[in-house]
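Take a look at the structure set out below.
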Amino acid sequence: MRTNIKDIIANQPRQHTVDWYKNRLGHFTGSQVGRLMKRGRGKDAEWSADALTYIKEVVAERLINPVVLDIPDLFDQYLDFTAASSKMMAWGNDNEDKALKAYSTLTKREVTACGSIQHESIKTFWDSPDGLLLDANGAVEVKCPAPKAHALYLINVKTPEDLLAVKPEYYWQCLAHMAVTGAEFTDWMSYCPFLKPSLHIVTIPRVEDTIHEMLERIVLAEDLAQELMTKALQR
C-alpha cells in the first residue's frame, strides 16, 4: 500500500457522511468508474452513451454554486435531490459493518474502515474502499444484496473473470481500490444474513495492465470533462 495510507484514512470522514459527499463532489469515483470502461458501438466511438452521461454528471457536480456547500440545510437538500437511493441501498449501508465483522471472523484478518482516498497523480479520481486490511496489503469491497442476487453470486461468481462477466462494475471498483491504495488484492464479498452461506468471498488480484487501462480512461474522461466545463461556462 501507499506508505502514507494510514495518515490519509485517519483524516477522512466516514462513508456516507455529509463531509464524505463533499470530498467526492465533482470527482470520478471508484464506484462509478466501470461506466467509463464502456466504449461506443461505432468503430471510432470512444465513449458509450452511459459513459458520456457519467462524465456530464461529474461536470454538473463541478458547476455547483459554492453557496450550496456553505449552507448545511441547502447542501442536505441538494443531496436529497441528487443522491441515488433505494431500499436495497439503505439495507447495504445498514449491514456493511456486520458484513465486515463476519469477514474478519471468517478470515481472521483485521479490517479498518476508511473514507475517500485521492489517487496520487490523478487528482480528480477518488475511491472509497469499504475496508483496508491492517495485516495484509489488501482492500475489501462489500455488497449486501437481496437473497436472490446473493444466491446467483454463489452459483455464478467463483473467479475474478466471473465477476467481470457478471458484474463488471464491481470488478472495476475492486481495481479502483488497488489503484488508489497500492493494495495487491481486493477481497470482494457478498453478504446476506438470510442465506447459508451468508458470506461469499472472491479475491481479485492486482493486474497492472488492467489498472493502467482504467487510469488511461479516467484521464481521457477528465480531458472531456474540462472541455465540457469550458463550453458550459461560455457566455
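Residues are named by chain letter and number: chains run A, B, ... in the order of the C-alpha cells, numbers start at 1 in each chain, and ligands are numbered from 1 in the order shown.
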Mind checking which residues fall within 9 Å of Val140 in chain A, counting only C-alpha atoms, ignoring those fewer than 4 positions away in the same chain, and posting them as a compact mmCIF listing (two decimals) with C-alpha atoms, in the first residue's frame?
# COMPACT_ATOMS: atom_id res chain seq x y z
CA LEU A 100 -17.05 -6.64 7.75
CA VAL A 111 -10.12 -4.59 8.86
CA PRO A 129 -12.85 1.03 -0.20
CA ASP A 130 -15.25 -0.43 2.34
CA GLY A 131 -12.23 -1.61 4.30
CA LEU A 132 -8.46 -1.87 4.31
CA LEU A 133 -6.59 -4.77 5.85
CA CYS A 174 -12.17 -3.58 -6.91
CA HIS A 177 -9.35 0.24 -4.67
CA PHE A 185 -5.66 -7.57 -3.94
CA THR A 186 -9.26 -6.75 -3.12
CA ASP A 187 -11.50 -9.25 -1.39
CA TRP A 188 -14.92 -8.75 -2.96
CA MET A 189 -17.71 -10.15 -0.83
task: Skip range 47-59 of chain A itself and residues of its chain fewer than 5 positions away, then list as a PyMOL selection string all residues within 7 Å of it, counting only C-alpha atoms.
output: chain A and resi 26-28+35-36+38-40+221+225+229
Nearest to Glu161 in chain A by atom-to-atom distance, counting only C-alpha atoms, from A:Phe194, A:Pro205, A:Met178, A:Glu120: A:Pro205
message: When DSSP is applied to the backbone of this structure, which of range 29-192 of chain A are assigned strand (DSSP E or B)? Write them out as a VMD selection string.
response: chain A and resid 29 111 to 112 117 to 118 125 to 127 131 to 133 138 to 143 185 to 191
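CA of Asp73 in chain A sits 28.3 Å away from CA of Lys123 in chain A.
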